[in-house]
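First the structure, in the form of structure tokens, and then the observations on it.
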Amino acid sequence: MSETKPTVVVLTALALEYAAVRAHIADREEDVHPDGTRVETGRLDGTPWRVALAELGEGVSNASAMTTQLINWLRPQAVLFVGIAGSLKEDIGIGDVLVGTKVYGIQGGKWTPQGFHSRPEAWHASNALVQAARSAVRDMTDVRPHFKPIASGDVVLADAESEVVTFLREHYNDAAAIEMEGSGAAHAAHLNGQVPALVIRGISDRADAKKNRADASGSQRLAAAQAAEVAMAVLRKHEPQDTSDTSGTTEGPRRDPGSGSGGDQIIFQGGTYFGPVIGKITGNT
């Protein structure tokens, strides 16, 4: 795997989601972790990114564990989870794309004699990635995008009148879609170096009794393709961080571990800093 290109990890749960993203990646090579986990790495034309694509399988806990492993292995600058979801809103239809501004973990709570008391968990998406998505979709006339929160849990929802839907309306009323892996991936990205993360989902059904009919019509492939298109457009907008050594060309203060200084130093080469500084003047500065 190239050590010179910045890496972004793109995660999927299903084979059809993987195939939709894979179609955009050139010069693919397979890399294998010592424990057997496999990714395909390649380039996204028109960008400096090296994309590492993984198919994780379904479920929150699986997504969390494998995202952690992939982050520690590949050291990406960003993580995207790309795939399909069920709509929870009347105005969000099949084929639309939902960019998750926030991901809810919906299954935390406490059962009491008075009923279930939710204990919500939520992970906000990376502002930089959300902004890149907002910019990208403005010129995508074949995509109907939405920027809304997503509900995530180990639930396949095929009944719009179920207790789960009532629960979501009461406790996660702004959630616009439901899926299974986003909270696990977002949690892992937050814990493992606070890697910027974004969940992008194409709507394949309305999370109701017509789900099987919608799936049979090819809606999953359409939704996966739309989500993959948006994800690649995001990467064309989102610039990698420059991790090269910029010593001597810094435009503002930066931290330097120093050598024998007994602590951090703040260096002001090439820039101006306004504000108080608490520190120590030595014979070397």
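By convention in this document, the chains of the structure tokens carry letters A, B, ... by their order, each chain's residues are numbered from 1, and ligands are numbered from 1 in the order they are shown.
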Contact table stretch 112-146 of chain A vs stretch 216-232 of chain A, cut-off 8 Å, shortest pair per residue, only C-alpha atoms, as a Markdown table:
| residue | atom | partner | partner_atom | distance |
| --- | --- | --- | --- | --- |
| A:Ala133 | CA | A:Val230 | CA | 7.4 |
| A:Ala136 | CA | A:Val230 | CA | 7.5 |
| A:Val137 | CA | A:Val230 | CA | 7.0 |
| A:Val143 | CA | A:Gln226 | CA | 7.0 |
Once you have the residues from the selection above, write them out as a JSON list (two decimals), in the first residue's frame, restricted to N, CA, C and O atoms.
[["chain", "number", "residue", "atom", "x", "y", "z"],
["A", 133, "ALA", "N", -19.85, 18.05, 1.25],
["A", 133, "ALA", "CA", -21.03, 17.43, 0.66],
["A", 133, "ALA", "C", -22.02, 18.49, 0.18],
["A", 133, "ALA", "O", -22.60, 18.38, -0.91],
["A", 136, "ALA", "N", -20.67, 19.83, -2.97],
["A", 136, "ALA", "CA", -20.64, 18.87, -4.07],
["A", 136, "ALA", "C", -22.01, 18.67, -4.71],
["A", 136, "ALA", "O", -22.12, 18.61, -5.94],
["A", 137, "VAL", "N", -23.06, 18.59, -3.90],
["A", 137, "VAL", "CA", -24.37, 18.23, -4.45],
["A", 137, "VAL", "C", -25.04, 19.38, -5.20],
["A", 137, "VAL", "O", -26.01, 19.15, -5.93],
["A", 143, "VAL", "N", -29.32, 14.16, -8.44],
["A", 143, "VAL", "CA", -29.38, 13.71, -7.04],
["A", 143, "VAL", "C", -30.29, 14.65, -6.25],
["A", 143, "VAL", "O", -30.21, 15.87, -6.39]]
Just want the 10 Å neighbourhood of A:Glu30, counted on only C-alpha atoms, with same-chain residues fewer than 2 positions away dropped. Output as an mmCIF file with all heavy atoms, in the first residue's frame.
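Contents of the output file around-v9.cif:
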data_model
loop_
_atom_site.group_PDB
_atom_site.id
_atom_site.type_symbol
_atom_site.label_atom_id
_atom_site.label_comp_id
_atom_site.auth_asym_id
_atom_site.auth_seq_id
_atom_site.Cartn_x
_atom_site.Cartn_y
_atom_site.Cartn_z
ATOM 1 N N MET A 1 0.837 -1.183 0.000
ATOM 2 C CA MET A 1 0.000 0.000 0.000
ATOM 3 C C MET A 1 0.886 1.252 0.000
ATOM 4 O O MET A 1 1.870 1.328 0.726
ATOM 5 C CB MET A 1 -0.875 0.003 1.260
ATOM 6 C CG MET A 1 -1.916 1.095 1.289
ATOM 7 S SD MET A 1 -2.924 0.957 2.798
ATOM 8 C CE MET A 1 -3.514 -0.719 2.632
ATOM 9 N N ARG A 28 -7.165 -0.910 -8.657
ATOM 10 C CA ARG A 28 -7.422 -1.545 -7.367
ATOM 11 C C ARG A 28 -6.434 -2.671 -7.090
ATOM 12 O O ARG A 28 -6.079 -3.438 -7.972
ATOM 13 C CB ARG A 28 -8.855 -2.097 -7.335
ATOM 14 C CG ARG A 28 -9.942 -1.046 -7.482
ATOM 15 C CD ARG A 28 -11.322 -1.680 -7.351
ATOM 16 N NE ARG A 28 -11.534 -2.750 -8.317
ATOM 17 C CZ ARG A 28 -12.043 -2.562 -9.530
ATOM 18 N NH1 ARG A 28 -12.371 -1.339 -9.940
ATOM 19 N NH2 ARG A 28 -12.217 -3.593 -10.341
ATOM 20 N N VAL A 32 -4.328 -7.303 2.698
ATOM 21 C CA VAL A 32 -4.851 -8.213 3.710
ATOM 22 C C VAL A 32 -4.182 -7.933 5.050
ATOM 23 O O VAL A 32 -2.953 -7.943 5.172
ATOM 24 C CB VAL A 32 -4.617 -9.687 3.314
ATOM 25 C CG1 VAL A 32 -5.279 -10.619 4.323
ATOM 26 C CG2 VAL A 32 -5.146 -9.958 1.909
ATOM 27 N N ARG A 38 -9.799 -7.887 4.722
ATOM 28 C CA ARG A 38 -9.338 -7.478 3.401
ATOM 29 C C ARG A 38 -9.934 -6.134 2.999
ATOM 30 O O ARG A 38 -11.095 -5.847 3.286
ATOM 31 C CB ARG A 38 -9.730 -8.533 2.351
ATOM 32 C CG ARG A 38 -9.000 -9.844 2.528
ATOM 33 C CD ARG A 38 -9.517 -10.940 1.618
ATOM 34 N NE ARG A 38 -8.819 -12.196 1.883
ATOM 35 C CZ ARG A 38 -7.760 -12.637 1.225
ATOM 36 N NH1 ARG A 38 -7.288 -11.924 0.201
ATOM 37 N NH2 ARG A 38 -7.179 -13.778 1.534
ATOM 38 N N VAL A 39 -9.130 -5.328 2.333
ATOM 39 C CA VAL A 39 -9.597 -4.100 1.706
ATOM 40 C C VAL A 39 -9.055 -4.057 0.285
ATOM 41 O O VAL A 39 -8.034 -4.677 -0.020
ATOM 42 C CB VAL A 39 -9.139 -2.835 2.472
ATOM 43 C CG1 VAL A 39 -9.699 -2.809 3.877
ATOM 44 C CG2 VAL A 39 -7.620 -2.701 2.480
ATOM 45 N N GLU A 40 -9.750 -3.333 -0.558
ATOM 46 C CA GLU A 40 -9.209 -2.998 -1.869
ATOM 47 C C GLU A 40 -8.811 -1.536 -1.843
ATOM 48 O O GLU A 40 -9.586 -0.673 -1.405
ATOM 49 C CB GLU A 40 -10.242 -3.233 -2.970
ATOM 50 C CG GLU A 40 -10.364 -4.669 -3.406
ATOM 51 C CD GLU A 40 -11.214 -4.825 -4.652
ATOM 52 O OE1 GLU A 40 -12.411 -4.476 -4.595
ATOM 53 O OE2 GLU A 40 -10.686 -5.295 -5.675
ATOM 54 N N THR A 41 -7.610 -1.254 -2.282
ATOM 55 C CA THR A 41 -7.144 0.122 -2.331
ATOM 56 C C THR A 41 -6.919 0.524 -3.782
ATOM 57 O O THR A 41 -6.527 -0.293 -4.622
ATOM 58 C CB THR A 41 -5.837 0.314 -1.537
ATOM 59 O OG1 THR A 41 -4.817 -0.527 -2.100
ATOM 60 C CG2 THR A 41 -6.029 -0.033 -0.077
ATOM 61 N N GLY A 42 -7.178 1.764 -4.059
ATOM 62 C CA GLY A 42 -6.992 2.286 -5.402
ATOM 63 C C GLY A 42 -7.101 3.792 -5.378
ATOM 64 O O GLY A 42 -7.157 4.411 -4.321
ATOM 65 N N ALA A 52 -9.412 3.243 0.394
ATOM 66 C CA ALA A 52 -9.413 1.869 0.901
ATOM 67 C C ALA A 52 -10.861 1.473 1.144
ATOM 68 O O ALA A 52 -11.553 2.069 1.977
ATOM 69 C CB ALA A 52 -8.607 1.768 2.183
ATOM 70 N N LEU A 53 -11.330 0.491 0.399
ATOM 71 C CA LEU A 53 -12.732 0.098 0.404
ATOM 72 C C LEU A 53 -12.897 -1.225 1.140
ATOM 73 O O LEU A 53 -12.189 -2.188 0.858
ATOM 74 C CB LEU A 53 -13.231 -0.032 -1.037
ATOM 75 C CG LEU A 53 -14.666 -0.501 -1.263
ATOM 76 C CD1 LEU A 53 -15.666 0.424 -0.591
ATOM 77 C CD2 LEU A 53 -14.935 -0.604 -2.764
#
query = When DSSP works through the backbone of this structure, what residues of stretch 8-225 of chain A end up as strand (DSSP E), shown as a VMD selection string?
reply = chain A and resid 8 to 12 26 to 32 38 to 43 50 to 55 78 to 87 97 to 105 109 to 112 115 to 118 121 to 124 145 to 152 177 to 179 197 to 205
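Distance annotation: of A:Ile200, A:Ala176, A:Ala188, A:Leu168, the residue with the minimal separation from A:Thr12 is A:Ile200; atom set is only C-alpha atoms.
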Using only C-alpha atoms, what does the table of stretch 207-245 of chain A residues within 12 Å of stretch 114-131 of chain A look like, with each row giving the shortest atom pair and its distance in Å to one decimal, sorted by chain and ascending number, as CSV?
residue,atom,partner,partner_atom,distance
A:Val230,CA,A:Val130,CA,11.4
A:Ala231,CA,A:Leu129,CA,9.9
A:Met232,CA,A:Leu129,CA,11.7
A:Ala233,CA,A:Leu129,CA,10.8
A:Val234,CA,A:Leu129,CA,7.1
A:Leu235,CA,A:Leu129,CA,8.5
A:Arg236,CA,A:Leu129,CA,10.9
A:Lys237,CA,A:Leu129,CA,8.7
A:His238,CA,A:Leu129,CA,6.6
A:Glu239,CA,A:Ala128,CA,9.4
A:Pro240,CA,A:Ala128,CA,10.8
A:Gln241,CA,A:Ala128,CA,11.4
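Among A:Glu181, A:Glu170, A:Glu90, A:Glu29, the residue with the shortest atom-to-atom distance to A:Ala13, counting only C-alpha atoms, is A:Glu181.
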message = Give me the residues near A:Gly57 as a PyMOL selection string, where near means some atom within 12 Å (using only C-alpha atoms) and where sequence neighbours in that chain fewer than 6 positions away do not count.
response = chain A and resi 11-18+37+63-67+83+180-181
Would you save the residues of that selection, restricted to N, CA and C atoms, as an mmCIF file, in the first residue's frame?
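Written output follows (selection_12.cif):
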data_model
loop_
_atom_site.group_PDB
_atom_site.id
_atom_site.type_symbol
_atom_site.label_atom_id
_atom_site.label_comp_id
_atom_site.auth_asym_id
_atom_site.auth_seq_id
_atom_site.Cartn_x
_atom_site.Cartn_y
_atom_site.Cartn_z
ATOM 1 N N LEU A 11 -16.419 2.582 3.945
ATOM 2 C CA LEU A 11 -16.990 1.375 4.520
ATOM 3 C C LEU A 11 -18.362 1.093 3.927
ATOM 4 N N THR A 12 -18.654 -0.170 3.705
ATOM 5 C CA THR A 12 -19.977 -0.612 3.277
ATOM 6 C C THR A 12 -20.349 -1.841 4.090
ATOM 7 N N ALA A 13 -21.648 -2.145 4.114
ATOM 8 C CA ALA A 13 -22.096 -3.347 4.807
ATOM 9 C C ALA A 13 -22.429 -4.473 3.836
ATOM 10 N N LEU A 14 -23.021 -4.131 2.693
ATOM 11 C CA LEU A 14 -23.541 -5.118 1.756
ATOM 12 C C LEU A 14 -22.714 -5.170 0.471
ATOM 13 N N ALA A 15 -22.789 -6.297 -0.210
ATOM 14 C CA ALA A 15 -22.040 -6.465 -1.448
ATOM 15 C C ALA A 15 -22.470 -5.468 -2.519
ATOM 16 N N LEU A 16 -23.753 -5.178 -2.603
ATOM 17 C CA LEU A 16 -24.204 -4.243 -3.642
ATOM 18 C C LEU A 16 -23.743 -2.812 -3.336
ATOM 19 N N GLU A 17 -23.607 -2.469 -2.053
ATOM 20 C CA GLU A 17 -23.060 -1.165 -1.682
ATOM 21 C C GLU A 17 -21.577 -1.089 -2.050
ATOM 22 N N TYR A 18 -20.879 -2.175 -1.773
ATOM 23 C CA TYR A 18 -19.450 -2.264 -2.112
ATOM 24 C C TYR A 18 -19.247 -2.116 -3.616
ATOM 25 N N THR A 37 -8.643 -9.627 7.567
ATOM 26 C CA THR A 37 -9.510 -8.579 7.035
ATOM 27 C C THR A 37 -8.932 -8.047 5.726
ATOM 28 N N ALA A 63 -19.647 -3.226 12.846
ATOM 29 C CA ALA A 63 -19.114 -2.008 12.238
ATOM 30 C C ALA A 63 -18.136 -1.311 13.168
ATOM 31 N N SER A 64 -18.465 -1.261 14.449
ATOM 32 C CA SER A 64 -17.593 -0.581 15.406
ATOM 33 C C SER A 64 -16.243 -1.286 15.526
ATOM 34 N N ALA A 65 -16.278 -2.605 15.691
ATOM 35 C CA ALA A 65 -15.042 -3.357 15.867
ATOM 36 C C ALA A 65 -14.159 -3.285 14.625
ATOM 37 N N MET A 66 -14.755 -3.464 13.452
ATOM 38 C CA MET A 66 -13.952 -3.490 12.240
ATOM 39 C C MET A 66 -13.485 -2.094 11.839
ATOM 40 N N THR A 67 -14.277 -1.072 12.118
ATOM 41 C CA THR A 67 -13.821 0.296 11.846
ATOM 42 C C THR A 67 -12.611 0.630 12.703
ATOM 43 N N GLY A 83 -23.959 3.596 1.871
ATOM 44 C CA GLY A 83 -24.861 2.493 1.622
ATOM 45 C C GLY A 83 -26.305 2.933 1.519
ATOM 46 N N MET A 180 -28.298 0.482 9.880
ATOM 47 C CA MET A 180 -27.818 -0.447 10.900
ATOM 48 C C MET A 180 -26.386 -0.249 11.374
ATOM 49 N N GLU A 181 -25.546 0.453 10.635
ATOM 50 C CA GLU A 181 -24.117 0.440 10.983
ATOM 51 C C GLU A 181 -23.512 1.799 11.317
#
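For the set A:Ser183, A:Asn173, A:Thr47, A:Ser135, the residue with the smallest atom-to-atom gap to A:Gly105 is A:Ser183, counting only C-alpha atoms.
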ask   = Taking the backbone alone, and naming residues the way the document does, which bits of stretch 87-231 of chain A are helix (DSSP H, G or I) by DSSP, as a VMD selection string?
value = chain A and resid 127 to 137 163 to 171 182 to 191 211 to 216 219 to 231
Save out the residues we just selected, C-alpha atoms, as an mmCIF file, in the first residue's frame.
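Full text of result_6.cif as output:
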data_model
loop_
_atom_site.group_PDB
_atom_site.id
_atom_site.type_symbol
_atom_site.label_atom_id
_atom_site.label_comp_id
_atom_site.auth_asym_id
_atom_site.auth_seq_id
_atom_site.Cartn_x
_atom_site.Cartn_y
_atom_site.Cartn_z
ATOM 1 C CA ASN A 127 -18.197 19.753 9.679
ATOM 2 C CA ALA A 128 -15.556 19.762 6.937
ATOM 3 C CA LEU A 129 -17.070 16.670 5.301
ATOM 4 C CA VAL A 130 -20.626 17.993 5.607
ATOM 5 C CA GLN A 131 -19.538 21.270 4.022
ATOM 6 C CA ALA A 132 -17.809 19.377 1.221
ATOM 7 C CA ALA A 133 -21.031 17.434 0.659
ATOM 8 C CA ARG A 134 -23.167 20.577 0.576
ATOM 9 C CA SER A 135 -20.828 22.060 -2.015
ATOM 10 C CA ALA A 136 -20.641 18.865 -4.068
ATOM 11 C CA VAL A 137 -24.365 18.225 -4.453
ATOM 12 C CA GLU A 163 -43.638 0.230 18.118
ATOM 13 C CA VAL A 164 -40.147 1.036 16.868
ATOM 14 C CA VAL A 165 -41.489 3.761 14.577
ATOM 15 C CA THR A 166 -43.569 5.215 17.424
ATOM 16 C CA PHE A 167 -40.458 5.161 19.609
ATOM 17 C CA LEU A 168 -38.406 6.940 16.934
ATOM 18 C CA ARG A 169 -41.048 9.610 16.454
ATOM 19 C CA GLU A 170 -41.174 10.272 20.191
ATOM 20 C CA HIS A 171 -37.478 10.191 21.005
ATOM 21 C CA GLY A 182 -23.548 4.192 11.074
ATOM 22 C CA SER A 183 -23.460 4.612 14.840
ATOM 23 C CA GLY A 184 -20.857 1.858 15.208
ATOM 24 C CA ALA A 185 -18.582 3.401 12.596
ATOM 25 C CA ALA A 186 -19.070 6.933 13.955
ATOM 26 C CA HIS A 187 -18.317 5.809 17.508
ATOM 27 C CA ALA A 188 -15.138 4.023 16.418
ATOM 28 C CA ALA A 189 -13.966 7.034 14.405
ATOM 29 C CA HIS A 190 -14.543 9.294 17.402
ATOM 30 C CA LEU A 191 -12.639 7.052 19.822
ATOM 31 C CA LYS A 211 -40.001 -2.787 1.683
ATOM 32 C CA ASN A 212 -39.723 -6.227 0.063
ATOM 33 C CA ARG A 213 -41.541 -5.000 -3.028
ATOM 34 C CA ALA A 214 -39.261 -1.973 -3.271
ATOM 35 C CA ASP A 215 -36.153 -4.137 -2.870
ATOM 36 C CA ALA A 216 -37.350 -6.481 -5.603
ATOM 37 C CA SER A 219 -34.381 0.158 -5.412
ATOM 38 C CA GLN A 220 -31.381 -1.010 -3.387
ATOM 39 C CA ARG A 221 -29.048 -0.861 -6.378
ATOM 40 C CA LEU A 222 -30.371 2.571 -7.337
ATOM 41 C CA ALA A 223 -29.952 3.876 -3.784
ATOM 42 C CA ALA A 224 -26.453 2.406 -3.436
ATOM 43 C CA ALA A 225 -25.370 3.935 -6.747
ATOM 44 C CA GLN A 226 -26.702 7.368 -5.755
ATOM 45 C CA ALA A 227 -24.972 7.233 -2.380
ATOM 46 C CA ALA A 228 -21.679 6.191 -4.018
ATOM 47 C CA GLU A 229 -21.914 9.083 -6.497
ATOM 48 C CA VAL A 230 -22.343 11.570 -3.664
ATOM 49 C CA ALA A 231 -19.530 10.013 -1.622
#
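One distance worth recording is that between atom CA of A:Asp174 and atom CA of A:Phe147, which is 11.0 Å.
Shortest atom-to-atom contact with A:Pro6 among A:Gly153, A:Pro113, A:Pro48, A:Gly93: A:Pro48, counting only C-alpha atoms.
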key: Near-A:Val8 list (10 Å; only C-alpha atoms; drop same-chain fewer than 6 positions) as number ranges by chain   = A: 41, 49-53, 71, 74-80, 196-197, 235, 240
Now that the selection is made, can you save its residues with C-alpha atoms as a PDB file, in the first residue's frame?
ATOM      1  CA  THR A  41      -7.144   0.122  -2.331  1.00  0.00           C
ATOM      2  CA  TRP A  49      -6.857  10.280  -2.332  1.00  0.00           C
ATOM      3  CA  ARG A  50      -5.976   6.652  -2.027  1.00  0.00           C
ATOM      4  CA  VAL A  51      -9.305   4.984  -1.283  1.00  0.00           C
ATOM      5  CA  ALA A  52      -9.413   1.869   0.901  1.00  0.00           C
ATOM      6  CA  LEU A  53     -12.732   0.098   0.404  1.00  0.00           C
ATOM      7  CA  ILE A  71      -8.378   2.965  11.426  1.00  0.00           C
ATOM      8  CA  LEU A  74      -4.610   2.207   7.608  1.00  0.00           C
ATOM      9  CA  ARG A  75      -4.382   5.516   9.532  1.00  0.00           C
ATOM     10  CA  PRO A  76      -6.915   7.310   7.312  1.00  0.00           C
ATOM     11  CA  GLN A  77      -7.600  11.029   7.256  1.00  0.00           C
ATOM     12  CA  ALA A  78     -11.338  10.389   6.906  1.00  0.00           C
ATOM     13  CA  VAL A  79     -13.914   7.613   7.146  1.00  0.00           C
ATOM     14  CA  LEU A  80     -17.086   7.420   5.045  1.00  0.00           C
ATOM     15  CA  PRO A 196     -13.466  12.849  10.612  1.00  0.00           C
ATOM     16  CA  ALA A 197     -16.435  10.671   9.667  1.00  0.00           C
ATOM     17  CA  LEU A 235     -13.938  13.318  -1.809  1.00  0.00           C
ATOM     18  CA  PRO A 240      -6.464  16.035   2.448  1.00  0.00           C
TER      19      PRO A 240
END
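Distance annotation: of A:Ala20, A:Val10, A:Trp111, A:Ala54, the residue with the minimal separation from A:Leu198 is A:Val10; atom set is only C-alpha atoms.
Rounded to one decimal, atom CA of A:Asp45 and atom CA of A:Leu70 lie 22.9 Å from each other.
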key: Distance of atom CA of A:Asn192 from atom CA of A:Gly36, expressed in Å to one decimal place   = 20.8 Å
